[in-house]
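Q: The structure file entry.txt (compact mmCIF, C-alpha atoms) is provided below.
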```txt
# COMPACT_ATOMS: atom_id res chain seq x y z
CA MET A 30 -7.50 15.08 -7.05
CA ILE A 31 -3.90 14.31 -6.13
CA VAL A 32 -3.28 14.81 -2.41
CA THR A 33 -0.73 13.73 0.17
CA LEU A 34 -0.90 10.59 2.27
CA ASN A 35 -1.61 12.77 5.31
CA ALA A 36 -4.77 14.15 3.72
CA ILE A 37 -6.21 10.69 3.19
CA LEU A 38 -5.09 9.07 6.44
CA GLU A 39 -6.11 12.04 8.60
CA THR A 40 -9.70 11.25 7.63
CA SER A 41 -9.21 7.65 8.80
CA LEU A 42 -7.52 8.69 12.04
CA GLN A 43 -10.25 11.14 12.97
CA ALA A 44 -12.92 8.53 12.25
CA TYR A 45 -11.13 6.13 14.61
CA LYS A 46 -11.07 8.77 17.33
CA GLU A 47 -14.81 9.26 16.83
CA GLY A 48 -15.44 5.54 17.26
CA LYS A 49 -16.17 4.91 13.57
CA PRO A 50 -12.94 3.32 12.32
CA PHE A 51 -12.15 2.62 8.71
CA ALA A 52 -8.92 2.18 6.77
CA VAL A 53 -7.85 3.13 3.27
CA GLY A 54 -6.51 0.51 0.89
CA ALA A 55 -3.10 1.05 -0.69
CA PHE A 56 -2.96 -0.86 -3.97
CA ASN A 57 0.19 -1.55 -5.95
CA VAL A 58 0.36 -0.57 -9.62
CA ASN A 59 2.60 -2.01 -12.33
CA ASN A 60 0.72 -1.19 -15.53
CA MET A 61 -2.20 0.68 -17.09
CA GLU A 62 -4.83 -2.00 -16.51
CA GLN A 63 -4.12 -2.12 -12.78
CA MET A 64 -4.41 1.65 -12.53
CA GLN A 65 -7.63 1.68 -14.50
CA GLY A 66 -9.11 -1.09 -12.37
CA ILE A 67 -8.23 0.71 -9.13
CA MET A 68 -9.75 3.98 -10.31
CA MET A 69 -12.90 2.24 -11.59
CA ALA A 70 -13.42 0.80 -8.11
CA ALA A 71 -12.63 4.04 -6.30
CA GLN A 72 -14.96 6.01 -8.54
CA GLU A 73 -17.77 3.48 -8.14
CA THR A 74 -17.50 3.43 -4.35
CA LYS A 75 -16.64 7.13 -3.88
CA SER A 76 -13.57 6.14 -1.90
CA PRO A 77 -10.17 7.78 -1.48
CA VAL A 78 -7.33 5.58 -2.65
CA ILE A 79 -3.58 5.22 -2.23
CA VAL A 80 -1.70 4.04 -5.31
CA GLN A 81 1.62 2.40 -4.47
CA VAL A 82 4.62 1.92 -6.73
CA SER A 83 7.46 -0.39 -5.81
CA ARG A 84 11.04 -0.18 -7.05
CA GLY A 85 10.36 -3.31 -9.08
CA ALA A 86 7.38 -1.65 -10.75
CA LEU A 87 9.40 1.47 -11.57
CA LYS A 88 12.04 -0.69 -13.22
CA TYR A 89 9.55 -2.88 -15.08
CA ALA A 90 7.39 -0.09 -16.49
CA GLN A 91 10.07 2.64 -16.63
CA ASP A 92 9.25 5.30 -14.07
CA LEU A 93 8.04 8.04 -16.43
CA TYR A 94 5.58 5.73 -18.18
CA LEU A 95 4.11 4.52 -14.89
CA VAL A 96 3.91 7.90 -13.16
CA ASN A 97 2.15 9.46 -16.13
CA ILE A 98 -0.36 6.60 -16.21
CA ILE A 99 -1.12 7.28 -12.55
CA LYS A 100 -1.45 11.02 -13.15
CA ALA A 101 -3.79 10.30 -16.06
CA GLY A 102 -5.94 8.23 -13.70
CA ALA A 103 -6.18 11.19 -11.35
CA GLU A 104 -7.02 13.60 -14.16
CA LEU A 105 -9.76 11.34 -15.51
CA ASN A 106 -11.24 10.84 -12.02
CA PRO A 107 -10.99 14.26 -10.32
CA GLU A 108 -13.52 13.34 -7.62
CA VAL A 109 -11.25 10.61 -6.24
CA PRO A 110 -8.66 11.75 -3.66
CA LEU A 111 -5.47 9.99 -4.71
CA ALA A 112 -2.06 9.75 -3.05
CA ILE A 113 0.91 8.60 -5.15
CA HIS A 114 3.09 6.56 -2.82
CA LEU A 115 6.55 5.01 -3.12
CA ASP A 116 6.45 1.54 -1.59
CA HIS A 117 9.57 0.23 0.20
CA GLY A 118 12.06 2.87 -0.85
CA ASN A 119 15.49 1.57 0.12
CA SER A 120 17.70 4.67 -0.13
CA PHE A 121 17.73 8.45 -0.13
CA GLU A 122 18.40 8.42 -3.89
CA THR A 123 15.31 6.29 -4.57
CA VAL A 124 13.17 8.63 -2.50
CA LYS A 125 14.57 11.74 -4.16
CA ARG A 126 13.79 10.34 -7.61
CA ALA A 127 10.21 9.59 -6.55
CA ILE A 128 9.74 13.12 -5.23
CA ASP A 129 11.18 14.56 -8.44
CA LEU A 130 8.61 12.49 -10.37
CA GLY A 131 5.73 13.99 -8.41
CA PHE A 132 5.03 11.40 -5.74
CA THR A 133 3.10 12.90 -2.82
CA SER A 134 4.17 10.24 -0.35
CA VAL A 135 7.23 8.06 0.12
CA MET A 136 8.14 5.11 2.26
CA ILE A 137 11.69 4.66 3.43
CA ASP A 138 12.14 1.12 4.69
CA GLY A 139 15.06 1.49 7.06
CA SER A 140 14.14 -1.75 8.80
CA LEU A 141 16.22 -3.38 6.05
CA MET A 142 19.57 -2.46 4.59
CA GLU A 143 19.74 -1.08 1.04
CA ASP A 144 19.75 -4.61 -0.40
CA GLY A 145 16.13 -4.92 0.76
CA LYS A 146 16.85 -8.23 2.47
CA THR A 147 19.19 -7.79 5.43
CA PRO A 148 17.63 -6.55 8.69
CA SER A 149 19.18 -3.31 9.91
CA THR A 150 19.85 -1.93 13.38
CA PHE A 151 17.50 0.47 15.13
CA GLU A 152 20.05 3.29 14.91
CA TYR A 153 20.52 2.75 11.18
CA ASN A 154 16.76 2.83 10.69
CA VAL A 155 16.45 6.07 12.65
CA LYS A 156 19.30 7.72 10.75
CA VAL A 157 18.13 6.97 7.20
CA THR A 158 14.48 7.65 8.02
CA ALA A 159 15.22 11.03 9.63
CA GLU A 160 17.26 12.08 6.58
CA VAL A 161 14.38 11.23 4.27
CA VAL A 162 11.82 12.98 6.50
CA LYS A 163 13.77 16.24 6.43
CA TYR A 164 14.10 16.25 2.65
CA ALA A 165 10.55 15.06 1.95
CA HIS A 166 8.89 17.47 4.38
CA ASP A 167 10.80 20.37 2.82
CA HIS A 168 8.95 19.40 -0.39
CA GLY A 169 5.57 18.87 1.29
CA VAL A 170 5.75 15.09 0.85
CA SER A 171 4.42 12.64 3.45
CA VAL A 172 6.74 9.96 4.83
CA GLU A 173 6.05 6.40 5.97
CA GLY A 174 8.68 4.51 7.96
CA GLU A 175 8.79 0.93 9.19
CA LEU A 176 9.76 -0.58 12.52
CA GLY A 177 10.02 -4.35 12.74
CA THR A 178 10.20 -6.76 9.80
CA LEU A 179 7.64 -8.95 8.04
CA GLY A 180 7.91 -12.54 6.98
CA GLY A 181 7.90 -13.53 3.33
CA ILE A 182 9.48 -11.91 0.27
CA GLU A 183 7.64 -10.08 -2.50
CA ASP A 184 8.95 -8.07 -5.44
CA GLY A 185 12.48 -8.77 -4.19
CA VAL A 186 11.79 -7.11 -0.82
CA GLY A 187 11.87 -8.82 2.56
CA SER A 188 14.17 -10.61 4.95
CA GLY A 189 11.93 -13.67 5.15
CA LYS A 190 11.93 -13.33 8.95
CA THR A 191 9.36 -11.78 11.26
CA ASP A 192 10.42 -9.31 13.95
CA LEU A 193 7.36 -7.88 15.70
CA THR A 194 7.29 -4.18 16.52
CA ASP A 195 8.10 -3.09 20.07
CA PRO A 196 5.40 -0.51 21.01
CA ASP A 197 7.72 1.39 23.35
CA GLN A 198 10.47 1.54 20.76
CA ALA A 199 7.90 2.82 18.26
CA VAL A 200 7.50 5.98 20.35
CA GLU A 201 11.24 6.67 20.29
CA PHE A 202 11.36 5.97 16.56
CA VAL A 203 8.58 8.43 15.71
CA GLU A 204 9.96 11.12 18.05
CA ARG A 205 13.46 10.86 16.58
CA THR A 206 12.45 10.64 12.91
CA GLY A 207 9.27 12.71 12.60
CA VAL A 208 7.56 10.21 10.28
CA ASP A 209 3.90 10.79 9.44
CA ALA A 210 2.97 7.11 9.14
CA LEU A 211 4.46 4.01 10.72
CA ALA A 212 4.32 0.51 9.27
CA ILE A 213 4.33 -1.97 12.14
CA SER A 214 4.97 -5.70 12.16
CA ILE A 215 2.03 -7.58 13.66
CA GLY A 216 2.45 -11.02 12.11
CA THR A 217 1.45 -10.35 8.51
CA SER A 218 3.71 -11.46 5.67
CA HIS A 219 4.63 -10.53 2.11
CA GLY A 220 3.59 -12.62 -0.89
CA ALA A 221 0.82 -15.10 -1.69
CA TYR A 222 2.21 -17.92 0.48
CA LYS A 223 2.01 -16.12 3.81
CA PHE A 224 0.92 -18.85 6.20
CA LYS A 225 0.60 -22.61 6.56
CA SER A 226 -2.52 -22.21 8.72
CA GLU A 227 -4.80 -19.42 9.96
CA PRO A 228 -2.63 -16.42 10.94
CA LYS A 229 -2.48 -15.15 14.49
CA LEU A 230 -2.04 -11.40 14.33
CA ALA A 231 -0.73 -9.42 17.29
CA PHE A 232 -3.73 -7.15 17.81
CA ASP A 233 -2.33 -6.19 21.21
CA ILE A 234 0.62 -4.55 19.47
CA ILE A 235 -1.69 -2.44 17.31
CA GLU A 236 -3.67 -1.37 20.37
CA GLN A 237 -0.56 -0.45 22.36
CA VAL A 238 1.11 1.43 19.49
CA ARG A 239 -2.12 3.28 18.84
CA LYS A 240 -2.31 4.21 22.54
CA ASN A 241 1.33 5.30 22.59
CA LEU A 242 1.10 7.24 19.31
CA PRO A 243 -2.43 8.65 19.09
CA ASN A 244 -1.62 11.02 16.21
CA THR A 245 0.57 8.79 14.03
CA TYR A 246 -0.97 6.97 11.08
CA LEU A 247 -0.53 3.20 11.33
CA VAL A 248 0.12 0.93 8.37
CA SER A 249 -0.24 -2.81 7.82
CA HIS A 250 2.00 -4.29 5.12
CA GLY A 251 1.63 -7.80 3.70
CA SER A 252 -2.14 -7.69 4.07
CA SER A 253 -3.48 -9.37 0.94
CA SER A 254 -6.19 -11.86 1.87
CA VAL A 255 -5.47 -14.24 -1.07
CA PRO A 256 -9.21 -14.96 -1.59
CA GLN A 257 -10.10 -18.59 -2.14
CA ASP A 258 -12.43 -17.77 -5.04
CA LEU A 259 -9.55 -16.13 -6.92
CA LEU A 260 -7.29 -19.10 -6.21
CA ASP A 261 -10.00 -21.43 -7.48
CA ILE A 262 -10.13 -19.60 -10.81
CA VAL A 263 -6.35 -19.59 -11.18
CA ASN A 264 -6.08 -23.29 -10.36
CA LYS A 265 -9.10 -24.32 -12.45
CA TYR A 266 -7.52 -22.84 -15.54
CA GLY A 267 -4.03 -24.28 -15.23
CA GLY A 268 -2.50 -22.62 -12.16
CA GLN A 269 -0.78 -24.46 -9.32
CA MET A 270 -1.31 -22.32 -6.21
CA GLU A 271 -3.08 -24.78 -3.92
CA THR A 272 -1.13 -23.87 -0.77
CA ALA A 273 -1.39 -20.06 -1.04
CA LYS A 274 -2.92 -18.43 2.05
CA GLY A 275 -3.38 -14.83 3.14
CA VAL A 276 -4.82 -12.67 5.91
CA PRO A 277 -8.59 -13.22 6.33
CA ILE A 278 -10.79 -10.15 5.92
CA PRO A 279 -12.21 -10.46 9.47
CA ALA A 280 -8.67 -10.26 10.86
CA LEU A 281 -7.98 -7.12 8.82
CA GLN A 282 -11.26 -5.60 10.02
CA LYS A 283 -10.26 -6.30 13.61
CA ALA A 284 -6.89 -4.63 12.95
CA ILE A 285 -8.77 -1.58 11.64
CA ALA A 286 -10.94 -1.54 14.76
CA CYS A 287 -7.72 -1.54 16.82
CA GLY A 288 -6.47 1.58 15.04
CA MET A 289 -4.91 0.63 11.69
CA ASN A 290 -5.31 3.35 9.01
CA LYS A 291 -3.65 2.03 5.85
CA ILE A 292 -3.87 -1.53 4.53
CA ASN A 293 -1.42 -2.58 1.82
CA VAL A 294 -2.70 -4.95 -0.88
CA ASP A 295 -0.71 -6.22 -3.87
CA THR A 296 -1.06 -9.98 -4.34
CA ASP A 297 -4.85 -9.98 -4.61
CA SER A 298 -5.06 -7.74 -7.68
CA ARG A 299 -2.37 -9.86 -9.32
CA LEU A 300 -4.40 -13.00 -8.60
CA ALA A 301 -7.55 -11.39 -9.99
CA ALA A 302 -5.81 -10.40 -13.22
CA THR A 303 -4.03 -13.73 -13.63
CA GLY A 304 -7.19 -15.75 -13.09
CA ALA A 305 -9.16 -13.65 -15.57
CA ILE A 306 -6.48 -13.99 -18.25
CA ARG A 307 -6.06 -17.74 -17.70
CA LYS A 308 -9.82 -18.24 -17.95
CA PHE A 309 -10.04 -16.12 -21.10
CA PHE A 310 -7.38 -18.11 -22.93
CA VAL A 311 -8.89 -21.47 -22.02
CA GLU A 312 -12.29 -20.31 -23.21
CA HIS A 313 -10.88 -18.53 -26.29
CA PRO A 314 -7.83 -20.56 -27.38
CA SER A 315 -7.53 -18.77 -30.72
CA ALA A 316 -7.49 -15.28 -29.16
CA PHE A 317 -4.38 -13.14 -29.46
CA ASP A 318 -5.51 -9.54 -29.03
CA PRO A 319 -4.10 -8.07 -25.76
CA ARG A 320 -7.00 -5.62 -25.63
CA GLU A 321 -9.43 -8.50 -25.20
CA TYR A 322 -7.72 -10.36 -22.36
CA ASN A 323 -6.46 -7.21 -20.64
CA THR A 324 -10.04 -5.91 -20.57
CA LYS A 325 -10.98 -9.01 -18.56
CA ALA A 326 -8.00 -8.46 -16.28
CA ARG A 327 -8.97 -4.84 -15.71
CA GLU A 328 -12.54 -5.78 -14.83
CA ALA A 329 -11.34 -8.45 -12.39
CA ILE A 330 -8.94 -6.00 -10.71
CA ALA A 331 -11.73 -3.44 -10.34
CA ALA A 332 -14.03 -6.02 -8.74
CA GLU A 333 -11.36 -7.13 -6.26
CA VAL A 334 -10.33 -3.59 -5.32
CA GLN A 335 -13.97 -2.71 -4.78
CA ARG A 336 -14.35 -5.73 -2.51
CA LYS A 337 -11.41 -4.48 -0.43
CA ILE A 338 -12.68 -0.90 -0.30
CA GLU A 339 -16.02 -2.08 1.01
CA ALA A 340 -14.39 -4.43 3.54
CA PHE A 341 -12.06 -1.71 4.84
CA GLY A 342 -14.94 0.75 5.21
CA SER A 343 -13.64 3.62 3.06
CA ALA A 344 -16.57 3.62 0.59
CA GLY A 345 -18.30 6.99 0.56
CA ARG A 346 -15.44 8.79 2.33
CA ALA A 347 -13.93 10.60 -0.69
CA ALA A 348 -15.76 13.84 0.07
CA ASP A 349 -14.31 13.90 3.61
CA VAL A 350 -10.68 14.10 2.49
CA PRO A 351 -9.15 17.60 2.82
CA ASN A 352 -7.39 19.08 -0.19
CA TRP A 353 -3.89 18.89 1.28
CA GLY A 354 -1.51 18.97 -1.65
CA LEU A 355 2.23 19.57 -1.52
CA GLU A 356 2.01 23.33 -0.99
CA GLU A 357 -0.49 22.97 1.83
CA MET A 358 1.69 20.37 3.54
CA LYS A 359 4.76 22.60 3.26
CA LYS A 360 2.87 25.20 5.30
CA ARG A 361 1.78 22.60 7.83
CA TYR A 362 5.27 21.16 8.25
CA ASN A 363 6.76 24.62 8.72
CA SER A 364 4.09 25.93 11.10
```
As structure tokens, please, write out the structure in this file.
A:
Amino acid sequence: MIVTLNAILETSLQAYKEGKPFAVGAFNVNNMEQMQGIMMAAQETKSPVIVQVSRGALKYAQDLYLVNIIKAGAELNPEVPLAIHLDHGNSFETVKRAIDLGFTSVMIDGSLMEDGKTPSTFEYNVKVTAEVVKYAHDHGVSVEGELGTLGGIEDGVGSGKTDLTDPDQAVEFVERTGVDALAISIGTSHGAYKFKSEPKLAFDIIEQVRKNLPNTYLVSHGSSSVPQDLLDIVNKYGGQMETAKGVPIPALQKAIACGMNKINVDTDSRLAATGAIRKFFVEHPSAFDPREYNTKAREAIAAEVQRKIEAFGSAGRAADVPNWGLEEMKKRYNS
């Protein structure tokens, strides 16, 4: 069942208000095996899921191929509430293309200029985000904005510098733009090499933003945990990622308890797939059939996504998600 981001995150927000917080994982997709792995995990755990597509993924896979793979995943798993989300859209044109393709949610990252690297001004961010919100809401599409910037660079996106979100400024940003969801900077970072030591997340910022914006969905980017067991497999079979470090699961669970609704994960499924393929080739040096090693990759992705779903608490929540598609959201936006 393809729904909007609002449909999925409203379930999370209401659970937080009832004192039973959970968040929904947003997992990036670049190919068929990733999509299959995500849907295997969501189906097994009866969890809603957000499938994210970056500009890099759209270019790599060609947008029509990738979007139709995602739609096939929804058709084959009708019990799974699924939002199709544009990750880090950098311009109105990128967003419009995503909406034309059938995305039910878009992110406009006005915290950076269109090059995806240079930090913008607050007024620039407000202007481009408000333009996207008006167009997207007219089409029933949910919108995620971002205030503050994350460290690290992934998929060509990021300034490499951290600028934590100002909770008071977040109120002005949401009021002036009308975004449904807000990605806030709390000390997380893009990529596999996020930190040199244990991260210190700004939980106080989450708590204050949640207090200031009780009805806005909150998003944590750069939240892959870079599990040590996945690194061990990669490194055992020829990889060289000894210094990679991510956000520990307990820290993400604390962020969820503070009011976070959407947790973005990309690196971990890549690690799972890479480790499985490396292991397969070492153990089967004469193999050459992509179906064999991609099957292992798909299974590893499914296992890792399931681990995240269970850690974030969304298992068993699929039946709670309202059937808010594009037409329903048009009515809600215009009411």
Q: Distance cut-off 12 Å, centre (-13.2, 17.2, 2.8) in file coordinates, counting all atoms listed in the file: which residues qualify? Return them as a list in words.
A: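 Those residues lying close to the given coordinates are Met30, Val32, Ala36, Ile37, Glu39, Thr40, Ser41, Pro77, Glu108, Val109, Pro110, Gly345, Arg346, Ala347, Ala348, Asp349, Val350, Pro351, Asn352 and Trp353 of chain A.
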Q: Would you put the residues from that selection into a file with C-alpha atoms, as an mmCIF file, in the frame of the given file?
A:
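Output (out32.cif):
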```
data_model
loop_
_atom_site.group_PDB
_atom_site.id
_atom_site.type_symbol
_atom_site.label_atom_id
_atom_site.label_comp_id
_atom_site.auth_asym_id
_atom_site.auth_seq_id
_atom_site.Cartn_x
_atom_site.Cartn_y
_atom_site.Cartn_z
ATOM 1 C CA MET A 30 -7.500 15.080 -7.050
ATOM 2 C CA VAL A 32 -3.280 14.810 -2.410
ATOM 3 C CA ALA A 36 -4.770 14.150 3.720
ATOM 4 C CA ILE A 37 -6.210 10.690 3.190
ATOM 5 C CA GLU A 39 -6.110 12.040 8.600
ATOM 6 C CA THR A 40 -9.700 11.250 7.630
ATOM 7 C CA SER A 41 -9.210 7.650 8.800
ATOM 8 C CA PRO A 77 -10.170 7.780 -1.480
ATOM 9 C CA GLU A 108 -13.520 13.340 -7.620
ATOM 10 C CA VAL A 109 -11.250 10.610 -6.240
ATOM 11 C CA PRO A 110 -8.660 11.750 -3.660
ATOM 12 C CA GLY A 345 -18.300 6.990 0.560
ATOM 13 C CA ARG A 346 -15.440 8.790 2.330
ATOM 14 C CA ALA A 347 -13.930 10.600 -0.690
ATOM 15 C CA ALA A 348 -15.760 13.840 0.070
ATOM 16 C CA ASP A 349 -14.310 13.900 3.610
ATOM 17 C CA VAL A 350 -10.680 14.100 2.490
ATOM 18 C CA PRO A 351 -9.150 17.600 2.820
ATOM 19 C CA ASN A 352 -7.390 19.080 -0.190
ATOM 20 C CA TRP A 353 -3.890 18.890 1.280
#
```
Q: Take atom CA of Ala301 of chain A and atom CA of Gly268 of chain A and report the distance between them in Å, one decimal.
A: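 The value is 12.5 Å.
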Q: Within 9 Å of Asp295 of chain A, counting all atoms listed in the file, which residues show up once you throw out same-chain ones fewer than 4 positions away? Write them as a PyMOL selection string, please.
A: chain A and resi 55-58+81+220+251-253+299
Q: Could you name the residues that touch Ser134 of chain A at 10 Å or less, counting all atoms listed in the file, but leaving out those on the same chain fewer than 2 positions away, as a PyMOL selection string?
A: chain A and resi 32-35+79-81+112-116+124+127-128+131-132+136+165-166+169-173+209+355
Q: Those same residues, written as a PDB file, in the frame of the given file with C-alpha atoms?
A:
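Written output follows (selection-v8.pdb):
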```pdb
ATOM      1  CA  VAL A  32      -3.280  14.810  -2.410  1.00  0.00           C
ATOM      2  CA  THR A  33      -0.730  13.730   0.170  1.00  0.00           C
ATOM      3  CA  LEU A  34      -0.900  10.590   2.270  1.00  0.00           C
ATOM      4  CA  ASN A  35      -1.610  12.770   5.310  1.00  0.00           C
ATOM      5  CA  ILE A  79      -3.580   5.220  -2.230  1.00  0.00           C
ATOM      6  CA  VAL A  80      -1.700   4.040  -5.310  1.00  0.00           C
ATOM      7  CA  GLN A  81       1.620   2.400  -4.470  1.00  0.00           C
ATOM      8  CA  ALA A 112      -2.060   9.750  -3.050  1.00  0.00           C
ATOM      9  CA  ILE A 113       0.910   8.600  -5.150  1.00  0.00           C
ATOM     10  CA  HIS A 114       3.090   6.560  -2.820  1.00  0.00           C
ATOM     11  CA  LEU A 115       6.550   5.010  -3.120  1.00  0.00           C
ATOM     12  CA  ASP A 116       6.450   1.540  -1.590  1.00  0.00           C
ATOM     13  CA  VAL A 124      13.170   8.630  -2.500  1.00  0.00           C
ATOM     14  CA  ALA A 127      10.210   9.590  -6.550  1.00  0.00           C
ATOM     15  CA  ILE A 128       9.740  13.120  -5.230  1.00  0.00           C
ATOM     16  CA  GLY A 131       5.730  13.990  -8.410  1.00  0.00           C
ATOM     17  CA  PHE A 132       5.030  11.400  -5.740  1.00  0.00           C
ATOM     18  CA  MET A 136       8.140   5.110   2.260  1.00  0.00           C
ATOM     19  CA  ALA A 165      10.550  15.060   1.950  1.00  0.00           C
ATOM     20  CA  HIS A 166       8.890  17.470   4.380  1.00  0.00           C
ATOM     21  CA  GLY A 169       5.570  18.870   1.290  1.00  0.00           C
ATOM     22  CA  VAL A 170       5.750  15.090   0.850  1.00  0.00           C
ATOM     23  CA  SER A 171       4.420  12.640   3.450  1.00  0.00           C
ATOM     24  CA  VAL A 172       6.740   9.960   4.830  1.00  0.00           C
ATOM     25  CA  GLU A 173       6.050   6.400   5.970  1.00  0.00           C
ATOM     26  CA  ASP A 209       3.900  10.790   9.440  1.00  0.00           C
ATOM     27  CA  LEU A 355       2.230  19.570  -1.520  1.00  0.00           C
TER      28      LEU A 355
END
```
Q: Got a sec: who's within 8 Å of segment 256-263 of chain A, counting only C-alpha atoms, leaving out chain neighbours fewer than 6 positions off, as a PyMOL selection string?
A: chain A and resi 269-271+273+275+297+300-301+303-305+307-308
Q: Can you spit out the residues from that selection as a PDB file, in the coordinates of the input, using C-alpha atoms?
A:
```pdb
ATOM      1  CA  GLN A 269      -0.780 -24.460  -9.320  1.00  0.00           C
ATOM      2  CA  MET A 270      -1.310 -22.320  -6.210  1.00  0.00           C
ATOM      3  CA  GLU A 271      -3.080 -24.780  -3.920  1.00  0.00           C
ATOM      4  CA  ALA A 273      -1.390 -20.060  -1.040  1.00  0.00           C
ATOM      5  CA  GLY A 275      -3.380 -14.830   3.140  1.00  0.00           C
ATOM      6  CA  ASP A 297      -4.850  -9.980  -4.610  1.00  0.00           C
ATOM      7  CA  LEU A 300      -4.400 -13.000  -8.600  1.00  0.00           C
ATOM      8  CA  ALA A 301      -7.550 -11.390  -9.990  1.00  0.00           C
ATOM      9  CA  THR A 303      -4.030 -13.730 -13.630  1.00  0.00           C
ATOM     10  CA  GLY A 304      -7.190 -15.750 -13.090  1.00  0.00           C
ATOM     11  CA  ALA A 305      -9.160 -13.650 -15.570  1.00  0.00           C
ATOM     12  CA  ARG A 307      -6.060 -17.740 -17.700  1.00  0.00           C
ATOM     13  CA  LYS A 308      -9.820 -18.240 -17.950  1.00  0.00           C
TER      14      LYS A 308
END
```
Q: Would you compute the distance between atom CA of Gln43 of chain A and atom CA of Val248 of chain A? Give it in Å to one decimal.
A: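 Distance between the two atoms: 15.3 Å.
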Q: Rounded to one decimal place, report the atom CA of Tyr94 of chain A-atom CA of Phe309 of chain A distance in Å.
A: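 One can read the atom CA of Tyr94 of chain A to atom CA of Phe309 of chain A distance as 27.0 Å.
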Q: From the set A:Glu339, A:Glu328, A:Asp92, A:Glu357, which residue has the shortest atom-to-atom contact distance to Asn59 of chain A, counting only C-alpha atoms?
A: A:Asp92
Q: List the residues sitting within 9 Å of (2.0, 6.8, 20.4) in the file's frame, using all atoms listed in the file, as a ChimeraX atom specification.
A: /A:196-197,199-200,203,237-245
Q: Which residues come within 9 Å of Ser149 of chain A, counting all atoms listed in the file, excluding same-chain residues fewer than 4 positions away, as a list in words?
A: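 Counting all atoms listed in the file, the residues come to Gly139, Ser140, Leu141, Met142, Tyr153 and Asn154 of chain A.
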Q: Nearest to Gly288 of chain A among A:Lys125, A:Leu38, A:Thr178, A:Ser364, with distances taken over all atoms listed in the file: which residue is it?
A: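 That would be A:Leu38, the residue with the smallest distance to Gly288 of chain A.
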Q: Output as a compact mmCIF listing (two decimals), keeping the file's coordinate frame: segment 110-114 of chain A, completed with all heavy atoms.
A:
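Written output follows (out12.txt):
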```
# COMPACT_ATOMS: atom_id res chain seq x y z
N PRO A 110 -9.92 11.35 -4.30
CA PRO A 110 -8.66 11.75 -3.66
C PRO A 110 -7.62 10.64 -3.81
O PRO A 110 -7.88 9.50 -3.42
CB PRO A 110 -9.06 11.96 -2.19
CG PRO A 110 -10.55 12.11 -2.21
CD PRO A 110 -11.02 11.24 -3.33
N LEU A 111 -6.48 10.99 -4.36
CA LEU A 111 -5.47 9.99 -4.71
C LEU A 111 -4.10 10.42 -4.21
O LEU A 111 -3.65 11.54 -4.48
CB LEU A 111 -5.44 9.83 -6.24
CG LEU A 111 -4.23 9.12 -6.87
CD1 LEU A 111 -4.27 7.64 -6.52
CD2 LEU A 111 -4.22 9.31 -8.37
N ALA A 112 -3.45 9.54 -3.46
CA ALA A 112 -2.06 9.75 -3.05
C ALA A 112 -1.17 8.84 -3.88
O ALA A 112 -1.49 7.66 -4.07
CB ALA A 112 -1.88 9.46 -1.57
N ILE A 113 -0.07 9.39 -4.38
CA ILE A 113 0.91 8.60 -5.15
C ILE A 113 2.06 8.27 -4.20
O ILE A 113 2.80 9.16 -3.77
CB ILE A 113 1.42 9.37 -6.37
CG1 ILE A 113 0.26 9.92 -7.20
CG2 ILE A 113 2.30 8.47 -7.23
CD1 ILE A 113 0.70 10.81 -8.36
N HIS A 114 2.23 7.00 -3.91
CA HIS A 114 3.09 6.56 -2.82
C HIS A 114 4.20 5.63 -3.29
O HIS A 114 3.95 4.67 -4.02
CB HIS A 114 2.21 5.84 -1.79
CG HIS A 114 2.95 5.33 -0.58
ND1 HIS A 114 3.46 6.17 0.39
CD2 HIS A 114 3.26 4.06 -0.19
CE1 HIS A 114 4.03 5.44 1.34
NE2 HIS A 114 3.94 4.16 1.01
```
